[in-house]
Amino acid sequence: MKLNRYKRELSAAVAYAVLLVAVGIIAPSFFSGANLRDLALNNAPVLLVAIGMTMVILVGQIDISVGSQFAVAGVAAGWLAKSGIPIPMLLPCLIVIGAALGAINGLFVGWLRLPSIIVTLAMLVAWRDALRWVTGGEWVQNLPANFQWFGLGQSLGQWLIVAISLIVLGIFSWTLRNLAGGRALYAVGSDAEAARLAGIEPPRVTFFVFVLMGALVGLAALLNAVRFSTVPSNAGLGLELKAVAAVVVGGTAITGGRGTLIGTLIGAALLGTIGTALTFVGINPFWEKAIQGAIILAALASDFVLGRLEGMRISDRGLRIDGAQ
Amino acid sequence: MTNAALLRATDIDKSYAGVHALKGASFELRAGEVHALIGENGAGKSTLIKIITGAVAADDGEIQLNGNAITHNSPRLAKQLGIAAIYQQPALFPELSVAENIAIGLEEPSLWKRVDWRARSGRASDLLARVGARIDPDRDAGDLTMPQQQLVEIARALGANAKILIFDEPTASLSEEDAQNLFKVIRELRTHGVGMIYISHRLEELPEIADRVTVLRDGRTIETCLMSEVNRDQLIHLMVGSELATVFPKKTVTLGEVILDLRQLGRSESGIHDVNLSVRAGEIVGVAGLVGGGRTELARTIFGLTPADQGEMLLRGKPIKIESAAQAIECGIAYVPEDRRRHGVILDLPISANITLASLDRFSRLGAMDFRREKEIAADYTRRLSIKTPAIFAPVATLSGGNQQKVALSRWLITKPSLLILDEPTQGIDVGAKSEIHALMTELAGQGVATLMISSELPEILGMSDRIAVMYGGTIVATLDRAEATQQRILALALGHLEAAEGSTPEESQSLRDLFAPVREEIKASGTTDEELLDQIEAAVKEVRERDRTSPQSRER
């Protein structure tokens with residue numbers, strides 16, 4: 001029964017396992033420590049954003065402005081560092097900046113009830129162009145020496161980034177399962193009106209989810225920026241697609257109300273590994289996008305098929321218990 | 001009615017994954033007959049219908065149409081043979097026009113054929129006229145009311161030359177008036193030789209519409225008899241298999257303090273105004289009225305979903321303004337909404353999560369859910385309300401209607417409400433679950449819960465209520481004591497017979513009084529049967545409404 005409940009996540013996990021085994025057989029060098037560390041490092045920011053995206057999709061919304069927010073937050077991190085504030089202070093600052101960016105989306109979607117796809121599309125364009133205008137396309141350079149790797153040195157800094165990402169994943173995963181607020185998220189995503197009748201306030205939940213989404217983007221942008229000695233003003237292009245793809249491949253229903261963060265972790269890992277794995281196996285990496293696309297389609301199709309099977313099972317069960325209604 | 005069988009199902013057997021849904025059920029339908037098919041949920045009605053319409057295949061037994069056995073039945077074949085089903089929720093395409101909706105069922109789809117719009121719309125008009133519906137074929141189906149959509153479906157079935165029409169609970173969500181309209185159409189079809197299978201939980205309406213009735217129980221045909229030869233109690237007896245002690249387990253309870261007191265309460269946007277009503281602890285107040293009378297709107301206003309903008313509301317004697325559902329819950333108000341599939345429960349969530357959804361605070365410590373207590377309480381309520389389910393973490397979507405309603409009720413019972421508002425608590429659920437819910441209401445009243453029960457079923461209103469508030473035109477026009485209430489009086493008031501009403505203009509009262517004078521005479525004479533009386537009252541109300549339309553100022557207050 002327990003496994004049955006997680007079958008969406010399970011199919012992604014099985015696919016990932018197959019991929020790892022195949023790569024392990026063909027190119028065992030894939031599993032070298034350095035390669036795995038690079039993989040984790042490259043995908044940590046995507047994972048953080050995907051955590052937020054999971055919650056946004058769970059409440060039945062979507063946020064495609066995360067890539068632009070990511071760029072804005074990254075440049076903000078660079079400027080703040082150059083302004084001379086203590087480097088550790090960047091962490092709370094970026095979380096607040098990100099939350100503020102998310103709050104704008106939340107305001108429009110939660111309280112004004114505008115469709116999230118339109119609101120965040122507008123924000124995607126607005127932030128990107130605003131940033132281009134303000135920076136003139138220039139990267140943030142001449143950062144303080146202790147900006148890169150938080151001044152901890154490469155190896156420790158790398159560990160820190162991966163550790164923070166996994167800790168955040170753990171916290172949110174626990175929260176979604178165990179806090180009453182997490183339950184509210186699923187309820188709003190399943191049926192907002194029914195949730196309202198149960199005393200939950202869907203606008204508040206939605207607003208809050210967008211704020212969290214923004215905060216996670218802020219954090220991701222900072223953890224990404226400290227990996228380099230300069231901050232590009234065009235970071236995060238296509239990030240929204242990666243995040244949404246990871247969520248969907250991880251088994252979260254795009255219509256909301258169903259899904260877990262463990263699934264998202266598997267989804268992010270699967271999609272993030274493909275490109276590197278192809279290189280190791282000796283396939284032209286040009287295929288990466290096509291294969292990623294195929295995986296997303298397969299995930300959606302399996303979601304649909306599972307839904308259909310479940311529907312049939314439910315109607316059977318209905319008959320068994322008490323007649324079909 | 002001819003005696004040749006149009007459709008004959010003999011010894012039908014069907015199992016689903018080891019569950020024996022039909023055990024040799026038989027059924028016969030003649031041309032020009034309305035044949036009621038009744039039984040509790042799980043008796044096998046739906047399965048039998050699915051076999052007749054080809055949605056599922058029978059394991060054993062035979063279906064004959066005009067004496068010829070049908071083999072390899074499928075939805076497509078059934079349609080070609082002239083079998084059509086009309087379900088409780090019409091299945092039209094809301095974005096398409098009525099004419100297009102009718103055409104979709106009838107025209108052979110072809111990519112290259114040009115659409116003959118005029119012929120489409122002409123045929124739609126003809127078909128709609130045949131069911132007596134005055135609906136513009138060019139309107140979007142989504143803009144139609146539910147009864148209108150039903151008529152469109154019937155028209156579509158007629159267009160496909162349906163010889164057999166199956167109605168699955170067609171009146172479950174219709175007002176009395178719309179139901180009467182539907183009956184008129186059914187009677188008309190009967191004279192044209194259409195055979196109709198009529199499934200309904202409303203036993204009261206069967207004598208009015210059905211010629212024969214077949215009772216299913218546990219997948220077997222228990223009996224087929226002429227409708228004129230059985231009464232409601234006998235049918236219930238046949239359905240349940242044992243005598244229900246009393247249909248309504250109402251007990252007298254000593255009433256406590258006044259819990260809810262409404263004074264001139266109103267909300268202009270929802271069209272309710274000047275509502276005066278009080279409910280005491282342990283009291284069940286029934287709210288009767290037609291759909292559109294303002295009953296659900298009143299409930300939603302009390303619960304803070306559409307906050308009041310006029311008048312006053314007192315809870316335990318203290319004035320209070322309730323502006324959200326969350327606040328209402330805090331104040332000890334619970335609201336089990338109508339249309340449970342959409343808003344009463346969350347179908348994706350498991351039973352346990354549904355039950356605790358309105359009281360998450362109580363099941364969490366420092367924000368963390370206490371799963372053990374949640375499980376305990378869910379198991380406890382599943383047992384106490386005898387919710388039939390394999391597991392408490394099964395999604396609510398897997399339950400039958402009656403059990404879903406019990407989950408919706410459980411959610412509110414654990415909030416320990418002092419005021420419980422029930423909106424159509426037993427709509428569309430089977431007789432067994434119904435009486436269980438009634439028993440539960442009685443038990444709650446005994447514990448001092450004040451209950452406000454909205455219901456369209458007059459027997460339920462009469463059977464369960466201590467007092468009955470009748471709504472018409474957005475306000476309570478009369479409050480009757482249990483002893484003085486009769487089906488006739490409630491109906492007359494609900495239909496706008498405002499003799500006892502206050503708050504309407506003298507002119508309007510007078511005009512209504514004049515119009516209803518003959519009806520009142522009839523009530524006094526009291527020799528007539530309920531149905532005739534009803535027809536007369538309805539005719540009178542239609543006249544009043546007609547007059548209201550022509551002189552709108554008479555409606556202004």
# chains A, B, ... in the order shown; residues from 1 in each chain; ligands from 1

call {"tool": "residues_around", "arguments": {"residues": "A:Thr135", "least_positions_apart": "6", "cutoff": "10 Å", "atoms": "only C-alpha atoms", "output": "VMD selection string"}}
result
chain A and resid 75 129 233

call {"tool": "write_last_selection", "arguments": {"atoms": "C-alpha atoms", "output": "PDB file, in the first residue's frame"}}
result
ATOM      1  CA  VAL A  75      23.437  40.607  -9.425  1.00  0.00           C
ATOM      2  CA  ASP A 129      14.732  43.662 -19.269  1.00  0.00           C
ATOM      3  CA  SER A 233      23.800  39.582 -15.580  1.00  0.00           C
TER       4      SER A 233
END

call {"tool": "residues_around", "arguments": {"residues": "stretch 43-50 of chain B", "least_positions_apart": "2", "cutoff": "7 Å", "atoms": "only C-alpha atoms", "output": "list in words"}}
result
Gly323 and Ala324 of chain A; Ala21, Leu22, Gly39, Glu40, Asn41, Ile52, Thr53, Gly54, Ala55, Val56, Leu216, Arg217, Asp218 and Gly219 of chain B

call {"tool": "select_by_dssp", "arguments": {"residues": "stretch 253-346 of chain B", "states": "strand (DSSP E)", "output": "ChimeraX atom specification"}}
result
/B:258-267,272-280,284-289,310-315,318-319,333-336

call {"tool": "write_last_selection", "arguments": {"atoms": "N, CA and C atoms", "output": "mmCIF file, in the first residue's frame"}}
result
data_model
loop_
_atom_site.group_PDB
_atom_site.id
_atom_site.type_symbol
_atom_site.label_atom_id
_atom_site.label_comp_id
_atom_site.auth_asym_id
_atom_site.auth_seq_id
_atom_site.Cartn_x
_atom_site.Cartn_y
_atom_site.Cartn_z
ATOM 1 N N VAL B 258 -30.379 30.115 23.669
ATOM 2 C CA VAL B 258 -30.410 30.489 22.257
ATOM 3 C C VAL B 258 -28.973 30.585 21.759
ATOM 4 N N ILE B 259 -28.622 29.780 20.762
ATOM 5 C CA ILE B 259 -27.260 29.797 20.234
ATOM 6 C C ILE B 259 -27.134 30.857 19.149
ATOM 7 N N LEU B 260 -28.026 30.772 18.195
ATOM 8 C CA LEU B 260 -27.951 31.700 17.055
ATOM 9 C C LEU B 260 -29.194 32.566 17.034
ATOM 10 N N ASP B 261 -28.987 33.853 16.848
ATOM 11 C CA ASP B 261 -30.121 34.763 16.773
ATOM 12 C C ASP B 261 -29.857 35.759 15.636
ATOM 13 N N LEU B 262 -30.665 35.684 14.622
ATOM 14 C CA LEU B 262 -30.496 36.590 13.491
ATOM 15 C C LEU B 262 -31.566 37.669 13.567
ATOM 16 N N ARG B 263 -31.141 38.919 13.425
ATOM 17 C CA ARG B 263 -32.100 40.029 13.466
ATOM 18 C C ARG B 263 -31.971 40.865 12.209
ATOM 19 N N GLN B 264 -32.971 40.786 11.403
ATOM 20 C CA GLN B 264 -33.029 41.565 10.149
ATOM 21 C C GLN B 264 -31.775 41.346 9.313
ATOM 22 N N LEU B 265 -31.176 40.167 9.419
ATOM 23 C CA LEU B 265 -29.926 39.910 8.716
ATOM 24 C C LEU B 265 -30.134 39.908 7.203
ATOM 25 N N GLY B 266 -29.158 40.427 6.484
ATOM 26 C CA GLY B 266 -29.285 40.421 5.029
ATOM 27 C C GLY B 266 -27.959 40.672 4.363
ATOM 28 N N ARG B 267 -27.918 40.378 3.080
ATOM 29 C CA ARG B 267 -26.752 40.688 2.261
ATOM 30 C C ARG B 267 -27.293 40.983 0.878
ATOM 31 N N ILE B 272 -30.498 38.206 -0.073
ATOM 32 C CA ILE B 272 -31.255 37.861 1.137
ATOM 33 C C ILE B 272 -31.390 39.108 2.003
ATOM 34 N N HIS B 273 -32.490 39.187 2.697
ATOM 35 C CA HIS B 273 -32.785 40.408 3.450
ATOM 36 C C HIS B 273 -33.745 40.106 4.588
ATOM 37 N N ASP B 274 -33.649 40.900 5.628
ATOM 38 C CA ASP B 274 -34.607 40.870 6.740
ATOM 39 C C ASP B 274 -34.852 39.467 7.282
ATOM 40 N N VAL B 275 -33.786 38.725 7.495
ATOM 41 C CA VAL B 275 -33.969 37.373 8.023
ATOM 42 C C VAL B 275 -33.991 37.423 9.546
ATOM 43 N N ASN B 276 -35.072 36.952 10.121
ATOM 44 C CA ASN B 276 -35.176 36.825 11.571
ATOM 45 C C ASN B 276 -35.302 35.359 11.916
ATOM 46 N N LEU B 277 -34.376 34.881 12.746
ATOM 47 C CA LEU B 277 -34.402 33.458 13.052
ATOM 48 C C LEU B 277 -33.579 33.194 14.296
ATOM 49 N N SER B 278 -34.055 32.294 15.131
ATOM 50 C CA SER B 278 -33.233 31.896 16.264
ATOM 51 C C SER B 278 -33.188 30.378 16.338
ATOM 52 N N VAL B 279 -32.071 29.866 16.784
ATOM 53 C CA VAL B 279 -31.918 28.424 16.960
ATOM 54 C C VAL B 279 -31.354 28.193 18.359
ATOM 55 N N ARG B 280 -32.010 27.283 19.106
ATOM 56 C CA ARG B 280 -31.559 27.038 20.476
ATOM 57 C C ARG B 280 -30.746 25.749 20.541
ATOM 58 N N ILE B 284 -33.441 21.432 16.276
ATOM 59 C CA ILE B 284 -33.203 21.302 14.836
ATOM 60 C C ILE B 284 -34.209 22.186 14.120
ATOM 61 N N VAL B 285 -33.704 23.204 13.444
ATOM 62 C CA VAL B 285 -34.599 24.069 12.688
ATOM 63 C C VAL B 285 -34.436 23.726 11.214
ATOM 64 N N GLY B 286 -35.517 23.315 10.592
ATOM 65 C CA GLY B 286 -35.479 22.997 9.170
ATOM 66 C C GLY B 286 -35.663 24.264 8.361
ATOM 67 N N VAL B 287 -34.903 24.388 7.275
ATOM 68 C CA VAL B 287 -35.090 25.531 6.387
ATOM 69 C C VAL B 287 -35.620 24.995 5.068
ATOM 70 N N ALA B 288 -36.869 25.305 4.783
ATOM 71 C CA ALA B 288 -37.498 24.826 3.553
ATOM 72 C C ALA B 288 -37.581 25.964 2.559
ATOM 73 N N GLY B 289 -37.852 25.628 1.341
ATOM 74 C CA GLY B 289 -37.967 26.650 0.309
ATOM 75 C C GLY B 289 -37.528 26.068 -1.010
ATOM 76 N N GLN B 310 -26.273 43.704 6.271
ATOM 77 C CA GLN B 310 -27.412 44.339 6.933
ATOM 78 C C GLN B 310 -27.740 43.531 8.174
ATOM 79 N N GLY B 311 -28.348 44.212 9.137
ATOM 80 C CA GLY B 311 -28.878 43.527 10.298
ATOM 81 C C GLY B 311 -27.811 43.051 11.257
ATOM 82 N N GLU B 312 -28.202 42.126 12.124
ATOM 83 C CA GLU B 312 -27.359 41.749 13.244
ATOM 84 C C GLU B 312 -27.371 40.245 13.408
ATOM 85 N N MET B 313 -26.257 39.728 13.892
ATOM 86 C CA MET B 313 -26.197 38.312 14.190
ATOM 87 C C MET B 313 -25.664 38.151 15.605
ATOM 88 N N LEU B 314 -26.373 37.364 16.406
ATOM 89 C CA LEU B 314 -25.937 37.140 17.778
ATOM 90 C C LEU B 314 -25.608 35.669 17.973
ATOM 91 N N LEU B 315 -24.453 35.427 18.596
ATOM 92 C CA LEU B 315 -24.077 34.063 18.955
ATOM 93 C C LEU B 315 -24.074 33.984 20.470
ATOM 94 N N LYS B 318 -24.353 37.284 22.112
ATOM 95 C CA LYS B 318 -23.388 38.352 21.872
ATOM 96 C C LYS B 318 -23.360 38.712 20.390
ATOM 97 N N PRO B 319 -23.461 39.997 20.093
ATOM 98 C CA PRO B 319 -23.423 40.395 18.683
ATOM 99 C C PRO B 319 -22.057 40.052 18.084
ATOM 100 N N ILE B 333 -19.061 27.360 14.628
ATOM 101 C CA ILE B 333 -20.070 27.124 13.593
ATOM 102 C C ILE B 333 -19.491 26.118 12.590
ATOM 103 N N ALA B 334 -20.301 25.174 12.178
ATOM 104 C CA ALA B 334 -19.871 24.204 11.178
ATOM 105 C C ALA B 334 -20.852 24.240 10.013
ATOM 106 N N TYR B 335 -20.335 24.069 8.808
ATOM 107 C CA TYR B 335 -21.193 24.135 7.626
ATOM 108 C C TYR B 335 -20.856 22.977 6.694
ATOM 109 N N VAL B 336 -21.789 22.068 6.546
ATOM 110 C CA VAL B 336 -21.615 20.963 5.604
ATOM 111 C C VAL B 336 -22.339 21.369 4.328
#

call {"tool": "residues_around", "arguments": {"residues": "A:Ala77", "least_positions_apart": "4", "cutoff": "12 Å", "atoms": "only C-alpha atoms", "output": "VMD selection string"}}
result
chain A and resid 70 to 73 81 to 98 140 to 141 143 to 144 147 to 148 150 218 to 226 230 to 233

call {"tool": "write_last_selection", "arguments": {"atoms": "N, CA and C atoms", "output": "short mmCIF file (atom, residue, chain, number, x, y, z; two decimals), in the first residue's frame"}}
result
data_model
loop_
_atom_site.label_atom_id
_atom_site.label_comp_id
_atom_site.auth_asym_id
_atom_site.auth_seq_id
_atom_site.Cartn_x
_atom_site.Cartn_y
_atom_site.Cartn_z
N PHE A 70 16.23 34.85 -10.56
CA PHE A 70 17.53 34.28 -10.26
C PHE A 70 18.65 35.24 -10.69
N ALA A 71 18.49 35.81 -11.88
CA ALA A 71 19.49 36.74 -12.40
C ALA A 71 19.52 38.01 -11.55
N VAL A 72 18.34 38.54 -11.24
CA VAL A 72 18.25 39.76 -10.44
C VAL A 72 18.92 39.53 -9.07
N ALA A 73 18.55 38.39 -8.44
CA ALA A 73 19.08 38.12 -7.11
C ALA A 73 20.60 37.93 -7.16
N ALA A 81 27.84 42.48 -2.01
CA ALA A 81 29.17 42.06 -1.58
C ALA A 81 30.17 43.19 -1.81
N LYS A 82 30.02 43.87 -2.97
CA LYS A 82 30.94 44.98 -3.29
C LYS A 82 30.71 46.16 -2.36
N SER A 83 29.47 46.32 -1.88
CA SER A 83 29.17 47.45 -1.00
C SER A 83 29.82 47.26 0.36
N GLY A 84 30.33 46.05 0.59
CA GLY A 84 31.12 45.85 1.79
C GLY A 84 30.40 45.25 2.98
N ILE A 85 29.19 44.76 2.79
CA ILE A 85 28.55 44.14 3.95
C ILE A 85 29.24 42.81 4.23
N PRO A 86 29.25 42.38 5.50
CA PRO A 86 29.90 41.12 5.83
C PRO A 86 29.35 39.99 4.98
N ILE A 87 30.22 39.14 4.46
CA ILE A 87 29.81 38.10 3.53
C ILE A 87 28.73 37.17 4.13
N PRO A 88 28.84 36.74 5.40
CA PRO A 88 27.79 35.86 5.94
C PRO A 88 26.42 36.53 5.92
N MET A 89 26.39 37.87 5.97
CA MET A 89 25.10 38.56 5.96
C MET A 89 24.39 38.43 4.62
N LEU A 90 25.16 38.03 3.59
CA LEU A 90 24.53 37.88 2.27
C LEU A 90 23.40 36.86 2.31
N LEU A 91 23.59 35.84 3.14
CA LEU A 91 22.60 34.75 3.19
C LEU A 91 21.21 35.27 3.56
N PRO A 92 21.05 35.89 4.75
CA PRO A 92 19.71 36.41 5.08
C PRO A 92 19.25 37.48 4.10
N CYS A 93 20.20 38.33 3.63
CA CYS A 93 19.81 39.40 2.71
C CYS A 93 19.19 38.85 1.43
N LEU A 94 19.86 37.85 0.87
CA LEU A 94 19.37 37.30 -0.41
C LEU A 94 18.04 36.59 -0.23
N ILE A 95 17.87 35.94 0.93
CA ILE A 95 16.59 35.27 1.17
C ILE A 95 15.47 36.31 1.23
N VAL A 96 15.75 37.44 1.89
CA VAL A 96 14.74 38.49 1.99
C VAL A 96 14.46 39.10 0.62
N ILE A 97 15.52 39.36 -0.15
CA ILE A 97 15.34 39.95 -1.48
C ILE A 97 14.49 39.00 -2.35
N GLY A 98 14.85 37.72 -2.32
CA GLY A 98 14.10 36.75 -3.10
C GLY A 98 12.64 36.70 -2.65
N VAL A 140 28.96 41.75 -12.96
CA VAL A 140 29.51 42.33 -11.73
C VAL A 140 30.90 41.76 -11.52
N GLN A 141 31.88 42.68 -11.56
CA GLN A 141 33.25 42.21 -11.44
C GLN A 141 33.94 42.84 -10.24
N LEU A 143 34.83 41.56 -7.43
CA LEU A 143 34.17 41.21 -6.18
C LEU A 143 35.22 41.04 -5.09
N PRO A 144 34.82 41.26 -3.83
CA PRO A 144 35.78 41.02 -2.74
C PRO A 144 36.29 39.58 -2.80
N PHE A 147 34.31 36.68 -1.44
CA PHE A 147 32.98 36.38 -1.97
C PHE A 147 32.94 34.96 -2.49
N GLN A 148 33.97 34.60 -3.30
CA GLN A 148 33.96 33.26 -3.87
C GLN A 148 34.12 32.21 -2.78
N PHE A 150 32.40 31.83 -0.28
CA PHE A 150 32.21 32.46 1.04
C PHE A 150 33.54 32.62 1.76
N GLY A 218 16.23 33.22 -4.27
CA GLY A 218 17.29 34.08 -3.74
C GLY A 218 18.46 33.27 -3.21
N LEU A 219 18.13 32.25 -2.44
CA LEU A 219 19.16 31.37 -1.87
C LEU A 219 19.93 30.67 -2.98
N ALA A 220 19.19 30.15 -3.96
CA ALA A 220 19.83 29.43 -5.07
C ALA A 220 20.76 30.35 -5.83
N ALA A 221 20.31 31.59 -6.05
CA ALA A 221 21.11 32.54 -6.81
C ALA A 221 22.42 32.82 -6.08
N LEU A 222 22.35 32.97 -4.77
CA LEU A 222 23.57 33.24 -3.99
C LEU A 222 24.53 32.05 -4.07
N LEU A 223 23.97 30.84 -3.84
CA LEU A 223 24.83 29.65 -3.84
C LEU A 223 25.45 29.42 -5.20
N ASN A 224 24.76 29.85 -6.24
CA ASN A 224 25.31 29.72 -7.58
C ASN A 224 26.39 30.78 -7.82
N ALA A 225 26.11 32.00 -7.36
CA ALA A 225 27.02 33.11 -7.65
C ALA A 225 28.38 32.91 -7.00
N VAL A 226 28.40 32.37 -5.77
CA VAL A 226 29.67 32.29 -5.06
C VAL A 226 30.62 31.26 -5.68
N THR A 230 32.99 36.24 -10.87
CA THR A 230 32.17 37.34 -11.37
C THR A 230 30.71 36.89 -11.38
N VAL A 231 29.78 37.86 -11.38
CA VAL A 231 28.37 37.50 -11.44
C VAL A 231 27.81 37.94 -12.79
N PRO A 232 27.34 36.99 -13.60
CA PRO A 232 26.81 37.38 -14.90
C PRO A 232 25.43 38.04 -14.74
N SER A 233 25.11 38.92 -15.67
CA SER A 233 23.80 39.58 -15.58
C SER A 233 22.75 38.82 -16.38
#

call {"tool": "select_by_dssp", "arguments": {"residues": "stretch 378-491 of chain B", "states": "helix (DSSP H, G or I)", "output": "count of residues only"}}
result
51

call {"tool": "interface_residues", "arguments": {"of": "chain B", "to": "chain A", "cutoff": "8 Å", "atoms": "only C-alpha atoms", "output": "number ranges by chain"}}
result
B: 16-17, 19, 21, 41-44, 46-47, 305, 324-327, 329, 335, 337, 342-349, 353, 357-358, 360-361, 364, 367-370, 388-389, 397-401

call {"tool": "write_last_selection", "arguments": {"atoms": "N, CA and C atoms", "output": "short mmCIF file (atom, residue, chain, number, x, y, z; two decimals), in the first residue's frame"}}
result
data_model
loop_
_atom_site.label_atom_id
_atom_site.label_comp_id
_atom_site.auth_asym_id
_atom_site.auth_seq_id
_atom_site.Cartn_x
_atom_site.Cartn_y
_atom_site.Cartn_z
N TYR B 16 -17.09 -7.88 -10.55
CA TYR B 16 -15.94 -7.01 -10.75
C TYR B 16 -14.86 -7.47 -9.79
N ALA B 17 -13.75 -7.88 -10.31
CA ALA B 17 -12.61 -8.23 -9.45
C ALA B 17 -13.07 -8.97 -8.20
N VAL B 19 -16.01 -9.15 -6.90
CA VAL B 19 -17.22 -8.67 -6.24
C VAL B 19 -18.42 -9.01 -7.11
N ALA B 21 -21.55 -8.16 -8.35
CA ALA B 21 -22.43 -6.99 -8.39
C ALA B 21 -23.85 -7.39 -8.79
N ASN B 41 -27.86 1.91 -2.70
CA ASN B 41 -26.58 1.92 -3.40
C ASN B 41 -25.92 0.57 -3.21
N GLY B 42 -25.36 0.04 -4.29
CA GLY B 42 -24.74 -1.27 -4.19
C GLY B 42 -25.69 -2.39 -4.54
N ALA B 43 -26.94 -2.04 -4.81
CA ALA B 43 -27.90 -3.09 -5.15
C ALA B 43 -27.65 -3.61 -6.55
N GLY B 44 -26.99 -2.80 -7.38
CA GLY B 44 -26.67 -3.25 -8.73
C GLY B 44 -27.36 -2.47 -9.84
N SER B 46 -26.69 0.56 -11.06
CA SER B 46 -25.76 1.18 -12.01
C SER B 46 -25.12 0.13 -12.90
N THR B 47 -24.80 -1.02 -12.31
CA THR B 47 -24.17 -2.07 -13.11
C THR B 47 -25.13 -2.56 -14.19
N LEU B 305 -18.94 33.19 4.54
CA LEU B 305 -18.38 33.10 3.19
C LEU B 305 -18.79 34.32 2.38
N SER B 324 -15.20 35.44 7.76
CA SER B 324 -14.51 34.39 7.00
C SER B 324 -14.90 33.05 7.59
N ALA B 325 -14.69 32.02 6.80
CA ALA B 325 -15.00 30.68 7.27
C ALA B 325 -14.14 30.34 8.48
N ALA B 326 -12.86 30.79 8.43
CA ALA B 326 -11.96 30.48 9.55
C ALA B 326 -12.52 31.06 10.85
N GLN B 327 -13.04 32.28 10.77
CA GLN B 327 -13.60 32.91 11.97
C GLN B 327 -14.85 32.17 12.44
N ILE B 329 -15.50 29.03 12.08
CA ILE B 329 -15.09 27.78 12.72
C ILE B 329 -14.64 28.06 14.15
N TYR B 335 -20.34 24.07 8.81
CA TYR B 335 -21.19 24.14 7.63
C TYR B 335 -20.86 22.98 6.69
N PRO B 337 -21.59 21.72 3.29
CA PRO B 337 -22.22 22.33 2.13
C PRO B 337 -22.98 21.33 1.26
N ARG B 342 -18.14 18.36 -4.83
CA ARG B 342 -17.29 19.47 -5.21
C ARG B 342 -16.70 20.17 -3.99
N HIS B 343 -17.50 20.41 -2.97
CA HIS B 343 -16.99 21.27 -1.91
C HIS B 343 -17.00 20.65 -0.51
N GLY B 344 -17.73 19.57 -0.34
CA GLY B 344 -17.84 19.00 1.00
C GLY B 344 -16.61 18.22 1.41
N VAL B 345 -16.03 17.54 0.44
CA VAL B 345 -14.83 16.77 0.71
C VAL B 345 -13.81 17.08 -0.38
N ILE B 346 -12.56 16.76 -0.11
CA ILE B 346 -11.53 16.91 -1.14
C ILE B 346 -11.20 15.51 -1.62
N LEU B 347 -11.58 15.23 -2.86
CA LEU B 347 -11.58 13.85 -3.35
C LEU B 347 -10.19 13.23 -3.38
N ASP B 348 -9.16 14.03 -3.64
CA ASP B 348 -7.80 13.49 -3.73
C ASP B 348 -7.24 13.08 -2.37
N LEU B 349 -7.68 13.76 -1.33
CA LEU B 349 -7.08 13.54 -0.02
C LEU B 349 -7.68 12.29 0.63
N ALA B 353 -7.19 12.70 6.31
CA ALA B 353 -6.85 14.11 6.10
C ALA B 353 -8.10 14.95 5.90
N LEU B 357 -9.31 18.25 8.37
CA LEU B 357 -8.95 19.46 7.62
C LEU B 357 -9.46 20.75 8.27
N ALA B 358 -10.61 20.70 8.92
CA ALA B 358 -11.15 21.93 9.50
C ALA B 358 -10.65 22.16 10.91
N LEU B 360 -7.15 21.48 11.89
CA LEU B 360 -5.73 21.14 11.85
C LEU B 360 -5.00 21.61 13.11
N ASP B 361 -5.43 22.74 13.66
CA ASP B 361 -4.79 23.25 14.88
C ASP B 361 -4.79 22.20 15.99
N SER B 364 -2.17 19.33 15.66
CA SER B 364 -0.77 19.61 15.47
C SER B 364 -0.23 20.24 16.75
N GLY B 367 2.68 23.28 15.31
CA GLY B 367 2.61 23.23 13.86
C GLY B 367 2.84 21.87 13.26
N ALA B 368 3.37 20.92 14.03
CA ALA B 368 3.65 19.60 13.47
C ALA B 368 2.45 18.68 13.65
N MET B 369 2.07 18.02 12.58
CA MET B 369 0.90 17.14 12.62
C MET B 369 1.15 15.96 13.57
N ASP B 370 0.13 15.63 14.33
CA ASP B 370 0.20 14.46 15.18
C ASP B 370 -0.53 13.33 14.47
N LYS B 388 -18.07 3.04 5.24
CA LYS B 388 -17.61 1.78 4.65
C LYS B 388 -16.41 2.04 3.76
N THR B 389 -15.25 1.57 4.21
CA THR B 389 -14.02 1.79 3.45
C THR B 389 -13.02 0.71 3.81
N ALA B 397 -12.33 9.83 -2.96
CA ALA B 397 -12.93 9.57 -4.26
C ALA B 397 -13.39 8.12 -4.39
N THR B 398 -12.80 7.21 -3.59
CA THR B 398 -13.16 5.80 -3.73
C THR B 398 -14.45 5.46 -3.00
N LEU B 399 -15.02 6.41 -2.25
CA LEU B 399 -16.22 6.10 -1.46
C LEU B 399 -17.50 6.41 -2.24
N SER B 400 -18.58 5.79 -1.79
CA SER B 400 -19.87 6.11 -2.38
C SER B 400 -20.39 7.42 -1.79
N GLY B 401 -21.44 7.95 -2.40
CA GLY B 401 -21.97 9.24 -1.99
C GLY B 401 -22.32 9.32 -0.52
#

call {"tool": "atom_distance", "arguments": {"atom1": "atom CA of A:Leu169", "atom2": "atom CA of A:Phe30"}}
result
25.0 Å
